[in-house]
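The data block below is target.cif; it holds mmCIF, C-alpha atoms.
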```cif
data_query
loop_
_atom_site.label_atom_id
_atom_site.label_comp_id
_atom_site.auth_asym_id
_atom_site.auth_seq_id
_atom_site.Cartn_x
_atom_site.Cartn_y
_atom_site.Cartn_z
CA MET A 1 -42.56 11.97 68.89
CA SER A 2 -45.19 14.56 69.62
CA SER A 3 -48.02 12.42 68.27
CA VAL A 4 -47.07 9.70 70.76
CA ASP A 5 -47.19 12.26 73.58
CA ALA A 6 -50.62 13.33 72.44
CA ALA A 7 -51.88 9.75 72.38
CA VAL A 8 -50.61 9.17 75.92
CA ASP A 9 -52.27 12.16 77.53
CA PRO A 10 -55.23 14.19 76.27
CA ARG A 11 -54.05 17.20 78.29
CA ILE A 12 -50.89 17.32 76.23
CA SER A 13 -52.92 17.09 73.08
CA ARG A 14 -55.07 20.01 74.24
CA THR A 15 -52.04 22.10 75.15
CA ARG A 16 -50.51 21.48 71.74
CA ASN A 17 -53.77 22.38 69.97
CA ASP A 18 -54.23 25.58 71.98
CA VAL A 19 -50.68 26.75 71.45
CA LEU A 20 -50.54 25.94 67.74
CA ALA A 21 -53.86 27.68 67.08
CA VAL A 22 -52.54 30.81 68.79
CA ALA A 23 -49.19 30.62 66.98
CA LEU A 24 -50.95 30.36 63.60
CA ARG A 25 -53.30 33.24 64.42
CA LEU A 26 -50.40 35.47 65.50
CA LEU A 27 -48.48 34.55 62.36
CA ILE A 28 -51.43 35.51 60.16
CA GLU A 29 -52.52 38.62 62.03
CA GLU A 30 -49.26 40.08 63.33
CA GLY A 31 -46.64 38.61 61.03
CA SER A 32 -43.82 36.15 61.55
CA ASP A 33 -41.94 38.32 64.06
CA ALA A 34 -44.84 37.82 66.48
CA VAL A 35 -44.20 34.07 66.63
CA THR A 36 -41.71 33.84 69.48
CA HIS A 37 -41.96 31.36 72.35
CA ALA A 38 -42.50 34.24 74.79
CA HIS A 39 -45.25 36.00 72.85
CA VAL A 40 -47.11 32.82 71.90
CA ALA A 41 -46.92 31.51 75.50
CA ARG A 42 -48.22 34.78 76.94
CA THR A 43 -51.05 35.01 74.40
CA ALA A 44 -52.07 31.35 74.79
CA GLY A 45 -51.81 31.44 78.59
CA TYR A 46 -49.12 28.80 79.02
CA ALA A 47 -45.68 28.91 80.58
CA LYS A 48 -42.82 29.65 78.22
CA ALA A 49 -41.06 26.52 79.56
CA THR A 50 -44.02 24.41 78.42
CA LEU A 51 -43.63 25.71 74.88
CA TYR A 52 -39.89 25.06 74.89
CA ARG A 53 -40.53 21.49 76.06
CA HIS A 54 -42.85 20.82 73.10
CA TRP A 55 -40.97 22.88 70.53
CA PRO A 56 -37.29 23.37 71.40
CA THR A 57 -36.80 25.72 68.43
CA ARG A 58 -38.83 28.45 66.74
CA SER A 59 -38.54 26.53 63.49
CA GLU A 60 -40.33 23.53 65.04
CA LEU A 61 -43.06 25.75 66.46
CA LEU A 62 -43.59 27.38 63.04
CA GLN A 63 -43.57 24.02 61.26
CA ASP A 64 -46.27 22.53 63.50
CA ALA A 65 -48.38 25.71 63.41
CA LEU A 66 -48.28 25.94 59.62
CA ALA A 67 -48.93 22.22 59.20
CA ARG A 68 -52.39 22.89 60.65
CA VAL A 69 -53.19 24.91 57.53
CA GLY A 70 -53.42 21.58 55.72
CA GLU A 71 -56.28 20.28 57.86
CA VAL A 72 -58.86 20.93 55.18
CA GLN A 73 -62.20 19.24 54.57
CA HIS A 74 -62.08 18.46 50.87
CA HIS A 75 -65.13 18.01 48.66
CA SER A 76 -66.49 14.44 48.49
CA PRO A 77 -66.96 13.71 44.77
CA THR A 78 -70.58 13.14 43.72
CA GLY A 79 -69.73 11.80 40.27
CA ASP A 80 -70.98 14.93 38.49
CA LEU A 81 -67.60 16.12 37.26
CA ARG A 82 -68.48 19.77 36.68
CA THR A 83 -70.09 20.10 40.12
CA ASP A 84 -67.23 18.24 41.76
CA LEU A 85 -64.55 20.46 40.19
CA ILE A 86 -66.46 23.63 41.09
CA GLU A 87 -67.00 22.50 44.68
CA GLU A 88 -63.37 21.51 45.11
CA VAL A 89 -62.15 24.88 43.81
CA LYS A 90 -64.57 26.50 46.26
CA VAL A 91 -62.80 24.61 49.07
CA TYR A 92 -59.76 26.85 48.51
CA ARG A 93 -61.92 29.95 48.45
CA ARG A 94 -63.68 28.87 51.66
CA GLU A 95 -60.34 28.24 53.41
CA MET A 96 -59.20 31.73 52.42
CA GLU A 97 -62.49 33.28 53.49
CA LEU A 98 -62.85 31.48 56.84
CA ASN A 99 -59.28 30.61 57.81
CA GLN A 100 -57.18 33.18 55.95
CA LEU A 101 -55.39 30.46 54.02
CA ASP A 102 -54.02 33.07 51.60
CA ARG A 103 -52.35 34.99 54.43
CA ALA A 104 -50.97 31.78 55.97
CA LEU A 105 -49.44 30.80 52.64
CA VAL A 106 -47.88 34.23 52.18
CA ALA A 107 -46.41 33.97 55.69
CA LEU A 108 -45.09 30.49 54.94
CA VAL A 109 -43.47 31.48 51.65
CA GLY A 110 -42.06 34.65 53.20
CA LEU A 111 -40.42 32.59 55.96
CA LEU A 112 -38.79 30.05 53.63
CA PRO A 113 -35.47 31.89 53.10
CA SER A 114 -34.87 32.21 56.87
CA THR A 115 -36.50 28.89 57.86
CA PRO A 116 -35.70 26.33 55.14
CA ALA A 117 -37.25 23.49 57.17
CA LEU A 118 -40.65 24.93 56.22
CA ALA A 119 -40.14 23.70 52.65
CA GLY A 120 -41.24 20.27 53.84
CA VAL A 121 -44.43 21.73 55.32
CA ARG A 122 -45.14 23.58 52.08
CA ASP A 123 -44.59 20.45 49.99
CA THR A 124 -46.99 18.45 52.15
CA LEU A 125 -49.60 21.24 52.05
CA VAL A 126 -49.44 21.44 48.26
CA ARG A 127 -49.55 17.68 47.77
CA ASP A 128 -52.54 17.25 50.09
CA GLY A 129 -54.13 20.47 48.86
CA GLU A 130 -54.07 19.58 45.15
CA ARG A 131 -54.65 15.83 45.56
CA VAL A 132 -58.45 15.67 45.25
CA LEU A 133 -58.48 18.10 42.33
CA ARG A 134 -55.72 16.22 40.54
CA GLU A 135 -57.54 12.91 40.99
CA MET A 136 -60.65 14.39 39.36
CA LEU A 137 -58.64 15.84 36.49
CA ALA A 138 -56.52 12.69 36.01
CA ALA A 139 -59.53 10.82 34.64
CA HIS A 140 -59.38 13.10 31.59
CA LEU A 141 -55.99 14.76 31.41
CA SER A 142 -52.38 13.67 31.89
CA GLY A 143 -48.82 14.98 31.71
CA PRO A 144 -48.33 18.72 31.16
CA GLU A 145 -52.10 19.19 30.58
CA LEU A 146 -52.91 17.76 34.00
CA ASP A 147 -50.24 19.91 35.64
CA ALA A 148 -51.43 23.00 33.80
CA ALA A 149 -55.10 22.45 34.69
CA ALA A 150 -54.35 21.86 38.39
CA LEU A 151 -52.00 24.85 38.63
CA MET A 152 -54.51 27.09 36.86
CA LEU A 153 -57.59 26.13 38.88
CA VAL A 154 -55.83 26.57 42.22
CA GLY A 155 -53.62 29.43 41.01
CA GLY A 156 -56.58 31.43 39.74
CA VAL A 157 -57.98 31.59 43.28
CA LEU A 158 -54.53 32.48 44.64
CA GLN A 159 -53.97 35.25 42.06
CA SER A 160 -57.41 36.69 42.83
CA ALA A 161 -56.86 36.65 46.60
CA LEU A 162 -53.27 37.87 46.69
CA MET A 163 -53.07 40.25 43.77
CA HIS A 164 -56.66 41.47 43.35
CA GLY A 165 -57.37 41.47 47.08
CA ALA A 166 -60.71 39.77 46.49
CA LEU A 167 -61.88 36.18 46.21
CA PRO A 168 -63.34 35.03 42.87
CA ASP A 169 -67.16 34.92 42.79
CA ASP A 170 -69.22 31.85 41.86
CA GLU A 171 -69.48 32.89 38.21
CA VAL A 172 -65.72 33.19 37.77
CA ILE A 173 -65.10 29.81 39.44
CA ALA A 174 -67.72 28.16 37.21
CA ALA A 175 -66.19 29.84 34.14
CA ALA A 176 -62.72 28.63 35.15
CA VAL A 177 -63.94 25.04 35.47
CA ASP A 178 -65.81 25.28 32.16
CA LEU A 179 -62.71 26.58 30.37
CA VAL A 180 -60.87 23.44 31.48
CA LEU A 181 -63.83 21.11 31.06
CA THR A 182 -64.23 21.95 27.35
CA ASN A 183 -61.05 19.99 26.79
CA PHE A 184 -62.41 16.75 28.25
CA ASP A 185 -63.72 13.89 26.19
CA LEU A 186 -67.15 13.68 27.76
CA ASP A 187 -70.56 12.66 26.60
CA THR A 188 -72.71 15.75 26.22
CA THR A 189 -74.83 15.09 29.31
CA GLN A 190 -71.79 15.80 31.47
CA ARG A 191 -70.75 18.87 29.54
CA SER A 192 -72.08 22.22 30.64
CA SER A 193 -74.32 24.10 28.24
CA ARG A 194 -72.15 26.99 27.20
CA MET B 13 -43.33 65.74 42.64
CA SER B 14 -40.40 63.36 42.46
CA SER B 15 -40.72 62.92 38.69
CA VAL B 16 -40.34 66.72 38.34
CA ASP B 17 -37.19 66.61 40.49
CA ALA B 18 -35.86 63.86 38.30
CA ALA B 19 -36.54 65.85 35.15
CA VAL B 20 -34.74 68.85 36.60
CA ASP B 21 -31.55 67.11 37.61
CA PRO B 22 -30.21 63.81 36.30
CA ARG B 23 -28.18 63.37 39.51
CA ILE B 24 -31.41 63.26 41.50
CA SER B 25 -32.80 60.72 39.09
CA ARG B 26 -29.68 58.60 39.50
CA THR B 27 -29.81 58.84 43.29
CA ARG B 28 -33.44 57.75 43.30
CA ASN B 29 -32.73 54.84 40.97
CA ASP B 30 -29.75 53.66 43.02
CA VAL B 31 -31.60 53.84 46.31
CA LEU B 32 -34.80 52.20 45.08
CA ALA B 33 -32.88 49.35 43.45
CA VAL B 34 -31.09 48.69 46.75
CA ALA B 35 -34.33 48.97 48.76
CA LEU B 36 -36.05 46.45 46.49
CA ARG B 37 -33.11 44.07 46.64
CA LEU B 38 -32.98 44.24 50.44
CA LEU B 39 -36.74 43.69 50.64
CA ILE B 40 -36.48 40.57 48.47
CA GLU B 41 -33.32 39.12 49.96
CA GLU B 42 -33.51 40.11 53.63
CA GLY B 43 -37.21 40.72 54.17
CA SER B 44 -39.24 43.81 54.94
CA ASP B 45 -37.51 44.52 58.26
CA ALA B 46 -34.33 45.26 56.33
CA VAL B 47 -35.93 48.20 54.56
CA THR B 48 -35.18 51.05 56.97
CA HIS B 49 -33.82 54.44 55.93
CA ALA B 50 -30.62 53.69 57.84
CA HIS B 51 -29.93 50.24 56.38
CA VAL B 52 -30.87 51.21 52.81
CA ALA B 53 -28.74 54.38 53.00
CA ARG B 54 -25.73 52.48 54.32
CA THR B 55 -26.07 49.72 51.72
CA ALA B 56 -26.60 52.13 48.82
CA GLY B 57 -23.81 54.46 49.93
CA TYR B 58 -25.91 57.59 50.47
CA ALA B 59 -26.50 59.76 53.52
CA LYS B 60 -29.54 58.88 55.59
CA ALA B 61 -30.63 62.53 55.33
CA THR B 62 -30.73 62.20 51.54
CA LEU B 63 -33.14 59.30 51.81
CA TYR B 64 -35.36 61.15 54.25
CA ARG B 65 -35.47 64.13 51.86
CA HIS B 66 -36.74 61.93 49.01
CA TRP B 67 -38.92 59.61 51.13
CA PRO B 68 -40.02 61.18 54.41
CA THR B 69 -41.65 57.92 55.53
CA ARG B 70 -40.83 54.23 55.26
CA SER B 71 -44.17 53.70 53.56
CA GLU B 72 -43.18 56.07 50.73
CA LEU B 73 -39.83 54.35 50.34
CA LEU B 74 -41.52 50.94 50.15
CA GLN B 75 -44.15 52.21 47.71
CA ASP B 76 -41.58 53.60 45.27
CA ALA B 77 -39.33 50.54 45.58
CA LEU B 78 -42.17 48.11 44.92
CA ALA B 79 -43.53 50.22 42.06
CA ARG B 80 -40.33 49.32 40.18
CA VAL B 81 -41.52 45.72 40.06
CA GLY B 82 -44.04 46.87 37.45
CA GLU B 83 -41.39 48.02 34.99
CA VAL B 84 -41.81 44.95 32.81
CA GLN B 85 -41.13 44.52 29.11
CA HIS B 86 -44.30 42.86 27.86
CA HIS B 87 -44.53 40.72 24.75
CA SER B 88 -45.27 42.59 21.53
CA PRO B 89 -48.11 40.69 19.84
CA THR B 90 -47.21 39.10 16.50
CA GLY B 91 -50.80 38.29 15.54
CA ASP B 92 -50.33 34.54 16.09
CA LEU B 93 -52.62 34.22 19.11
CA ARG B 94 -51.22 30.98 20.51
CA THR B 95 -47.64 32.23 20.27
CA ASP B 96 -48.60 35.59 21.71
CA LEU B 97 -50.36 34.09 24.73
CA ILE B 98 -47.49 31.69 25.41
CA GLU B 99 -44.89 34.45 25.14
CA GLU B 100 -46.87 36.78 27.40
CA VAL B 101 -47.23 34.07 30.07
CA LYS B 102 -43.48 33.51 29.77
CA VAL B 103 -43.00 37.20 30.63
CA TYR B 104 -44.20 36.43 34.18
CA ARG B 105 -41.94 33.43 34.39
CA ARG B 106 -38.97 35.46 33.15
CA GLU B 107 -39.63 38.21 35.70
CA MET B 108 -39.69 35.60 38.46
CA GLU B 109 -36.55 33.93 37.14
CA LEU B 110 -34.49 37.07 36.55
CA ASN B 111 -35.96 39.62 38.97
CA GLN B 112 -37.52 37.48 41.70
CA LEU B 113 -40.97 38.90 40.95
CA ASP B 114 -42.55 36.11 43.03
CA ARG B 115 -40.56 37.10 46.11
CA ALA B 116 -41.31 40.79 45.58
CA LEU B 117 -45.05 40.04 45.36
CA VAL B 118 -44.94 37.94 48.54
CA ALA B 119 -43.13 40.79 50.31
CA LEU B 120 -45.71 43.28 49.03
CA VAL B 121 -48.71 41.20 50.09
CA GLY B 122 -47.08 40.44 53.45
CA LEU B 123 -46.63 44.18 54.08
CA LEU B 124 -50.22 45.16 53.25
CA PRO B 125 -51.69 44.80 56.76
CA SER B 126 -49.04 47.08 58.28
CA THR B 127 -48.64 49.39 55.27
CA PRO B 128 -52.10 49.84 53.68
CA ALA B 129 -50.80 52.48 51.25
CA LEU B 130 -49.18 49.61 49.32
CA ALA B 131 -52.63 48.50 48.13
CA GLY B 132 -52.43 51.22 45.48
CA VAL B 133 -49.06 49.90 44.29
CA ARG B 134 -50.46 46.37 44.13
CA ASP B 135 -53.51 47.50 42.16
CA THR B 136 -51.33 49.30 39.62
CA LEU B 137 -48.98 46.32 39.32
CA VAL B 138 -51.87 43.94 38.68
CA ARG B 139 -53.60 46.24 36.19
CA ASP B 140 -50.41 46.82 34.22
CA GLY B 141 -49.30 43.23 34.67
CA GLU B 142 -52.48 41.62 33.32
CA ARG B 143 -53.26 44.30 30.70
CA VAL B 144 -51.55 42.79 27.64
CA LEU B 145 -52.83 39.30 28.41
CA ARG B 146 -56.39 40.57 28.96
CA GLU B 147 -56.30 42.48 25.66
CA MET B 148 -55.35 39.30 23.82
CA LEU B 149 -58.07 37.29 25.56
CA ALA B 150 -60.72 40.01 25.17
CA ALA B 151 -60.88 39.38 21.43
CA HIS B 152 -62.44 35.99 22.20
CA LEU B 153 -63.75 35.99 25.77
CA SER B 154 -65.68 38.39 27.96
CA GLY B 155 -67.21 38.70 31.43
CA PRO B 156 -66.48 35.91 33.94
CA GLU B 157 -64.77 33.82 31.23
CA LEU B 158 -62.28 36.59 30.51
CA ASP B 159 -61.62 37.08 34.23
CA ALA B 160 -61.23 33.35 34.78
CA ALA B 161 -58.83 32.90 31.85
CA ALA B 162 -56.63 35.84 32.90
CA LEU B 163 -56.58 34.76 36.57
CA MET B 164 -55.74 31.18 35.63
CA LEU B 165 -52.94 31.92 33.17
CA VAL B 166 -51.18 34.30 35.54
CA GLY B 167 -52.18 32.39 38.66
CA GLY B 168 -50.84 29.11 37.33
CA VAL B 169 -47.34 30.62 37.18
CA LEU B 170 -47.80 32.10 40.68
CA GLN B 171 -49.02 28.80 42.16
CA SER B 172 -46.08 26.98 40.61
CA ALA B 173 -43.51 29.49 41.87
CA LEU B 174 -44.88 30.04 45.38
CA MET B 175 -46.33 26.67 46.28
CA HIS B 176 -44.29 24.22 44.20
CA GLY B 177 -41.08 26.20 44.52
CA ALA B 178 -40.38 25.79 40.81
CA LEU B 179 -41.33 27.70 37.69
CA PRO B 180 -43.52 25.95 35.09
CA ASP B 181 -41.61 24.56 32.12
CA ASP B 182 -42.37 25.36 28.46
CA GLU B 183 -44.62 22.33 28.05
CA VAL B 184 -46.84 23.25 30.99
CA ILE B 185 -47.16 26.86 29.80
CA ALA B 186 -48.09 25.70 26.29
CA ALA B 187 -50.61 23.23 27.75
CA ALA B 188 -52.14 25.99 29.90
CA VAL B 189 -52.58 28.25 26.89
CA ASP B 190 -54.02 25.38 24.82
CA LEU B 191 -56.56 24.54 27.56
CA VAL B 192 -57.86 28.11 27.32
CA LEU B 193 -57.48 28.37 23.55
CA THR B 194 -59.78 25.40 22.90
CA ASN B 195 -62.63 27.63 24.01
CA PHE B 196 -62.02 30.27 21.35
CA ASP B 197 -63.95 30.55 18.13
CA LEU B 198 -61.03 30.35 15.77
CA ASP B 199 -60.53 29.12 12.28
CA THR B 200 -58.51 25.92 12.39
CA THR B 201 -55.28 27.49 11.08
CA GLN B 202 -54.99 29.44 14.34
CA ARG B 203 -55.85 26.49 16.52
CA SER B 204 -53.03 24.33 17.79
CA SER B 205 -52.99 20.72 16.67
CA ARG B 206 -53.84 18.85 19.82
#
```

When written as structure tokens, how does the structure in this file appear?
Amino acid sequence: MSSVDAAVDPRISRTRNDVLAVALRLLIEEGSDAVTHAHVARTAGYAKATLYRHWPTRSELLQDALARVGEVQHHSPTGDLRTDLIEEVKVYRREMELNQLDRALVALVGLLPSTPALAGVRDTLVRDGERVLREMLAAHLSGPELDAAALMLVGGVLQSALMHGALPDDEVIAAAVDLVLTNFDLDTTQRSSR
Amino acid sequence: MSSVDAAVDPRISRTRNDVLAVALRLLIEEGSDAVTHAHVARTAGYAKATLYRHWPTRSELLQDALARVGEVQHHSPTGDLRTDLIEEVKVYRREMELNQLDRALVALVGLLPSTPALAGVRDTLVRDGERVLREMLAAHLSGPELDAAALMLVGGVLQSALMHGALPDDEVIAAAVDLVLTNFDLDTTQRSSR
């Protein structure tokens, strides 16, 4: 529905973009209580009625705002597997560094019990978020090994950000990829010298 | 201070335990807004004044409640490295399954911007939480490799719980440990048959 609106009129598209960017920023910086139609409208400089027209409920506003978290520029594989895995893991780190992805995810997960409709947003985020990494890994791993490798490479960045309060440095990301890479059946030119 | 109180009078110790258990449960089930002196006192069946005597501020109440998350029964190493690593990773899964550790961690991280004193609680939780696993890994890895392996094994469980909304099954945990284990210099009797 809303995407049709946006196609019809670029002003509507701009309004939606402005409002959702503000809603996401408030969610990250002030917490979920800050995301009300009134507060978002005031902060974004739009009428509250405009927001209600686009998003009749708070759940819809939160869903669309958090869906923006998934608009990530993934790494374009070069064919050098080690480089590609490292660069793709760094995509998560960059999103946390530049766009506070870690805080957005914490907000999303924290809202799930009160706003179950966000489970769909989370599922889409995770599927899109892990897709490129899983495709790279799937050339060499499958089944529980593939799941484990994907969960560990992404989860290592998450654990570092959330629980250590610091993003992993280049050396740790390279070490993480190498720990997984040792398990691949590769010719030695592709294997790192460890 | 409070530990001295507790040593002096078992009733005080019981009061503290009762109240903190309720505060942690409310935090997990109803969110951080539910953790007020008034609501916790009412739910736990104590006078509000009693709570204020033990925890003059909300920050102190939250700190002590969240510190309980760290009271975890870790795996006692058997000497079989593969089994020990698997069992220790399962400790995290069990804590999430039985005690909603994942939800408590999300609540903690979500509260950090407004309650900076919780950073100390988080740091202690992480240090104690990763200690046994890091000791096992440190016999075979060091530096960035050790950091990467610890972050990935714990982070894989976190990623699964928070972002996939499901805990990893036994096969995925075993596969995660085996991916790391392949990198160890072990005699073949200790290595899994993969």

For atom CA of A:Gln63 and atom CA of A:Ala23, the interatomic separation in Å (one decimal):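 Atom CA of A:Gln63 sits 10.4 Å away from atom CA of A:Ala23.
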
For atom CA of B:Leu193 and atom CA of A:Val91, quote the distance in Å rounded to one decimal. 26.3 Å

Could you list, as a PyMOL selection string, every residue of chain B that has an atom within 8 Å of an atom of chain A, counting all atoms listed in the file? chain B and resi 43+115+118-119+121-122+134-135+138+156-157+159-161+163-172+174-176+183-185+187-188+191-192+194-195

Grab the atom CA of B:Leu38 to atom CA of B:Gln112 distance for me, in Å with one decimal place.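 Between these atoms lies a distance of 11.9 Å.
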
I want to know what sits within 12 Å of A:Gly79, based on only C-alpha atoms, with residues of the same chain fewer than 4 positions away left out; could you give that as an mmCIF file with C-alpha atoms, keeping the file's coordinate frame?
```cif
data_model
loop_
_atom_site.group_PDB
_atom_site.id
_atom_site.type_symbol
_atom_site.label_atom_id
_atom_site.label_comp_id
_atom_site.auth_asym_id
_atom_site.auth_seq_id
_atom_site.Cartn_x
_atom_site.Cartn_y
_atom_site.Cartn_z
ATOM 1 C CA HIS A 75 -65.130 18.010 48.660
ATOM 2 C CA THR A 83 -70.090 20.100 40.120
ATOM 3 C CA ASP A 84 -67.230 18.240 41.760
ATOM 4 C CA LEU A 85 -64.550 20.460 40.190
ATOM 5 C CA GLU A 87 -67.000 22.500 44.680
ATOM 6 C CA MET A 136 -60.650 14.390 39.360
ATOM 7 C CA ALA A 139 -59.530 10.820 34.640
ATOM 8 C CA GLN A 190 -71.790 15.800 31.470
#
```

Might I get the box with edges along x, y and z of the file that holds all atoms of stretch 108-117 of chain B listed there, padded by 3 Å on every side, given as centre and edge lengths in Å to one decimal, as lines of an AutoDock Vina configuration file?
```
center_x = -39.8
center_y = 37.4
center_z = 41.3
size_x = 16.6
size_y = 12.9
size_z = 15.6
```

Residue among A:Leu66, A:Leu81, A:Val35, A:Ala166 lying closest to A:His140, counting only C-alpha atoms: A:Leu81

For the provided coordinates, the residues matched by the PyMOL selection byres ((chain B and resi 83) around 12) should be stated as an mmCIF file with C-alpha atoms, in the coordinates of the input.
```cif
data_model
loop_
_atom_site.group_PDB
_atom_site.id
_atom_site.type_symbol
_atom_site.label_atom_id
_atom_site.label_comp_id
_atom_site.auth_asym_id
_atom_site.auth_seq_id
_atom_site.Cartn_x
_atom_site.Cartn_y
_atom_site.Cartn_z
ATOM 1 C CA ASP B 76 -41.580 53.600 45.270
ATOM 2 C CA ALA B 77 -39.330 50.540 45.580
ATOM 3 C CA LEU B 78 -42.170 48.110 44.920
ATOM 4 C CA ALA B 79 -43.530 50.220 42.060
ATOM 5 C CA ARG B 80 -40.330 49.320 40.180
ATOM 6 C CA VAL B 81 -41.520 45.720 40.060
ATOM 7 C CA GLY B 82 -44.040 46.870 37.450
ATOM 8 C CA VAL B 84 -41.810 44.950 32.810
ATOM 9 C CA GLN B 85 -41.130 44.520 29.110
ATOM 10 C CA HIS B 86 -44.300 42.860 27.860
ATOM 11 C CA VAL B 103 -43.000 37.200 30.630
ATOM 12 C CA TYR B 104 -44.200 36.430 34.180
ATOM 13 C CA GLU B 107 -39.630 38.210 35.700
ATOM 14 C CA ASN B 111 -35.960 39.620 38.970
ATOM 15 C CA LEU B 113 -40.970 38.900 40.950
ATOM 16 C CA THR B 136 -51.330 49.300 39.620
ATOM 17 C CA LEU B 137 -48.980 46.320 39.320
ATOM 18 C CA VAL B 138 -51.870 43.940 38.680
ATOM 19 C CA ASP B 140 -50.410 46.820 34.220
ATOM 20 C CA GLY B 141 -49.300 43.230 34.670
#
```

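On the file presented, the PyMOL selection byres ((chain B and resi 52-67) around 9) picks out Ser14, Thr27, Arg28, Asp30, Val31, Leu32, Ala33, Val34, Ala35, Leu38, Ala46, Val47, Thr48, His49, Ala50, His51, Pro68, Thr69, Arg70, Ser71, Glu72, Leu73 and Asp76 of chain B.
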